[in-house]
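Student: First the structure, then my questions, so here it is.
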Amino acid sequence: MKFRGKCVLVTGASGGIGRETALQFSREGANILVNYHSSPDKAEATLKAIKEEGTEAISVKADVSSPQEVLKMVDKCTKRFGRLDILVNNASQHPPPVFDIDRPDWSLWQRMVDVNAMGLLVCSHHALIHLREQRGCIVNVVMDYAPGGLGYVATKAWGSVLTRGLARKLSPTRVNAVSPGAVDTWGMAAEEIHYYTKKSLLNRVGKPEDVAKTILFLASDDASYITGETIVVDGGKRLVD
Ligand SMILES: NC(=O)c1ccc[n+]([C@@H]2O[C@H](COP(=O)([O-])OP(=O)(O)OC[C@H]3O[C@@H](n4cnc5c(N)ncnc54)[C@H](OP(=O)(O)O)[C@@H]3O)[C@@H](O)[C@H]2O)c1
């Protein structure tokens with residue numbers, strides 16, 4: 001078990017990639033803080049699944065863009081588990097809001113900046129003291145490339161830039177990122193599966209497991225000489241016209 005006795009905080013672990021990441025860490029022996037924002041039932045389901053894997057977990061409601069709420073969440077984590085080794089900055093608004101430059105809704109834009117970009121910094125800041133103590137690391141879930149996109153895509157793209165910036169600033173604490181392609185976390189319709197399958201060099205859509213496995217790799221000692229890196233997990237989608 002690669003993460004036995006470690007403590008992992010996964011933001012947005014009530015659904016999709018976050019939930020699967022929390023479960024995979026748990027299978028490798030880690031205790032988990034399951035963060036959620038507005039889906040307590042889903043967070044509870046993640047918690048239950050983790051406990052069935054045999055490790056400990058707590059769920060904490062916190063908006064990642066709120067410094068006060070994140071500080072309280074990190075405190076709960078270290079009070080319960082006595083440590084924090086790994087932070088996975090995964091939370092993001094879903095479905096992604098659509099920003100229209102012809103009719104801009106500036107509060108919608110600001111909220112995307114707050115959750116997708118500032119949230120990553122807020123959580124990193126509050127976790128840092130504990131990560132340094134444990135020689136831990138950070139893994140961000142970002143979006144490194146996309147054929148456009150003004151709101152969601154733009155604010156998620158900051159994730160890669162912030163990953164490199166944090167890696168430089170926080171060294172020797174390692175900071176890396178995973179950039180997923182199309183991952184079926186919302187129950188894709190048949191047309192969507194067909195579309196994204198054709199867009200992949202590997203003839204299928206992404207699964208949360210594909211992304212979670214890469215997150216665990218980056219958090220593990222196997223990646224001990226990797227920092228400031230973003231690994232694209234998209235089945236080659238970016239290479240298809
Ligand atoms: N799925 C894809 O195709 C894809 C592609 C590229 C990148 N990504 C990235 O992968 C990550 C996970 O996406 P997903 O597809 O698994 O989405 P998802 O199933 O909708 O999960 C999003 C998670 O973020 C949480 N969240 C939203 N706003 C929050 C806030 N203010 N504070 C705390 N938590 C918040 C949600 O919690 P509540 O439900 O409790 O509010 C939920 O657990 C995101 O960073 C996303 O941008 C996904």
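Chain labels run A, B, ... following the order of the structure tokens; each chain numbers its residues from 1, and ligands are numbered from 1 in the order shown.
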Got a sec: who's within 12 Å of Val183 in chain A, counting only C-alpha atoms, leaving out chain neighbours fewer than 3 positions off, as a PyMOL selection string?
Tutor: chain A and resi 16-17+143+179-180+186-188+192-193+196-197+200+204-212+233-235+237
Student: Output as number ranges by chain all residues of range 21-205 of chain A that backbone DSSP marks as helix (DSSP H, G or I).
Tutor: A: 21-27, 40-53, 67-81, 106-134, 152-170, 190-198
Student: Residues within 8 Å of ligand 1 (only C-alpha atoms and all ligand atoms), as a PyMOL selection string?
Tutor: chain A and resi 11-19+35-40+42-43+61-65+89-95+115-116+119+140-143+152+156+179-186+206+208
Student: Export C-alpha atoms of the chosen residues as a short mmCIF file (atom, residue, chain, number, x, y, z; two decimals), in the first residue's frame?
Tutor:
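Everything below was put into selection.cif:
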```cif
data_model
loop_
_atom_site.label_atom_id
_atom_site.label_comp_id
_atom_site.auth_asym_id
_atom_site.auth_seq_id
_atom_site.Cartn_x
_atom_site.Cartn_y
_atom_site.Cartn_z
CA THR A 11 -11.52 19.01 -2.89
CA GLY A 12 -14.74 18.30 -4.76
CA ALA A 13 -14.71 14.65 -3.72
CA SER A 14 -18.50 14.36 -3.74
CA GLY A 15 -18.51 13.55 -7.46
CA GLY A 16 -16.74 12.30 -10.57
CA ILE A 17 -12.96 12.44 -10.63
CA GLY A 18 -12.68 13.62 -7.01
CA ARG A 19 -14.69 10.72 -5.66
CA ASN A 35 -14.56 18.08 0.63
CA TYR A 36 -17.87 19.07 -0.95
CA HIS A 37 -19.85 22.22 -1.53
CA SER A 38 -23.51 21.62 -2.32
CA SER A 39 -24.00 17.84 -2.54
CA PRO A 40 -24.01 16.41 1.00
CA LYS A 42 -23.00 12.49 -2.69
CA ALA A 43 -20.27 13.33 -0.15
CA LYS A 61 -18.51 21.26 3.48
CA ALA A 62 -16.41 24.21 2.36
CA ASP A 63 -16.35 26.57 -0.57
CA VAL A 64 -12.78 26.34 -1.89
CA SER A 65 -12.82 30.05 -2.72
CA ASN A 89 -7.14 20.57 -5.86
CA ASN A 90 -9.95 19.05 -7.93
CA ALA A 91 -13.07 21.14 -7.21
CA SER A 92 -14.64 23.06 -10.06
CA GLN A 93 -18.07 24.27 -11.07
CA HIS A 94 -19.98 21.71 -13.08
CA PRO A 95 -21.70 21.90 -15.49
CA VAL A 115 -13.60 28.80 -7.67
CA ASN A 116 -11.35 27.58 -10.49
CA GLY A 119 -9.73 28.24 -4.91
CA ASN A 140 -4.05 20.06 -9.27
CA VAL A 141 -6.77 19.07 -11.75
CA VAL A 142 -6.59 21.62 -14.55
CA MET A 143 -7.28 22.02 -18.24
CA TYR A 152 -14.50 27.82 -17.76
CA LYS A 156 -9.06 26.24 -15.73
CA SER A 179 -5.20 17.80 -17.40
CA PRO A 180 -8.07 15.49 -18.37
CA GLY A 181 -9.67 15.30 -21.79
CA ALA A 182 -13.36 14.32 -22.04
CA VAL A 183 -14.10 12.21 -18.98
CA ASP A 184 -17.55 10.77 -18.51
CA THR A 185 -18.48 12.07 -15.09
CA TRP A 186 -21.97 13.29 -15.93
CA GLY A 206 -12.03 8.94 -20.54
CA PRO A 208 -12.53 8.93 -13.80
#
```
Student: Considering only C-alpha atoms, can you say which of A:Leu47, A:Val34, A:Val10, A:Leu201 comes closest to Ser124 in chain A?
Tutor: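 Using only C-alpha atoms, the shortest distance to Ser124 in chain A belongs to A:Val10.
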Student: If you count only C-alpha atoms, which residues fall within 12 Å of Gln134 in chain A, apart from same-chain ones fewer than 5 positions away, as a list in words?
Tutor: Gly5, Lys6, Cys7, Val8, Thr78, Gly82, Arg83, Leu84, Asp85, Ile86, Leu87, Ala127, Leu128, Ile129, Pro172, Thr173 and Arg174 of chain A
Student: So that I can see what lies close to range 53-55 of chain A, please list as a count of residues only the residues with an atom at most 8 Å from it, counting only C-alpha atoms and leaving out residues fewer than 2 positions away in the same chain.
Tutor: 11
Student: Determine the nearest neighbour of Glu44 in chain A from the options A:Ile58, A:Val88, A:Leu239, A:Leu120, counting only C-alpha atoms.
Tutor: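 Of A:Ile58, A:Val88, A:Leu239, A:Leu120, the one nearest Glu44 in chain A, counting only C-alpha atoms, is A:Ile58.
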Student: Would you pick out the contacts of Ala146 in chain A at 9 Å or less, using only C-alpha atoms, so that residues sharing its chain but fewer than 6 positions from it are not included, and give the list as a short mmCIF file (atom, residue, chain, number, x, y, z; two decimals) with N, CA and C atoms, in the first residue's frame?
Tutor:
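Final file, around_28.cif:
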```cif
data_model
loop_
_atom_site.label_atom_id
_atom_site.label_comp_id
_atom_site.auth_asym_id
_atom_site.auth_seq_id
_atom_site.Cartn_x
_atom_site.Cartn_y
_atom_site.Cartn_z
N VAL A 153 -12.94 27.34 -19.55
CA VAL A 153 -11.66 26.88 -20.09
C VAL A 153 -10.53 27.84 -19.73
N ALA A 154 -10.82 29.14 -19.84
CA ALA A 154 -9.78 30.13 -19.54
C ALA A 154 -9.37 30.06 -18.07
N ALA A 157 -7.40 26.93 -17.38
CA ALA A 157 -6.04 26.95 -17.96
C ALA A 157 -5.05 27.62 -17.01
N ARG A 238 -6.00 15.75 -28.06
CA ARG A 238 -5.45 17.01 -28.55
C ARG A 238 -4.74 16.86 -29.90
#
```
Student: Quick one: distance from CA of Asp100 in chain A to CA of Thr163 in chain A in Å, one decimal?
Tutor: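 So the answer is 27.5 Å.
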Student: How many Å separate CA of Glu20 in chain A from CA of Asn176 in chain A?
Tutor: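 Interatomic distance here is 18.4 Å.
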Student: Would you mind telling me which residue in A:Asn203, A:Leu9, A:Arg132, A:Glu229 lies nearest to Phe81 in chain A when using only C-alpha atoms?
Tutor: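 The answer is A:Leu9, which sits nearest to Phe81 in chain A.
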Student: Could you pull out the residues in range 13-44 of chain A that DSSP calls strand (DSSP E or B) from the backbone, as a ChimeraX atom specification?
Tutor: /A:31-36
Student: Which distance in Å separates CA of His130 in chain A and CA of Tyr225 in chain A, to one decimal?
Tutor: 20.6 Å
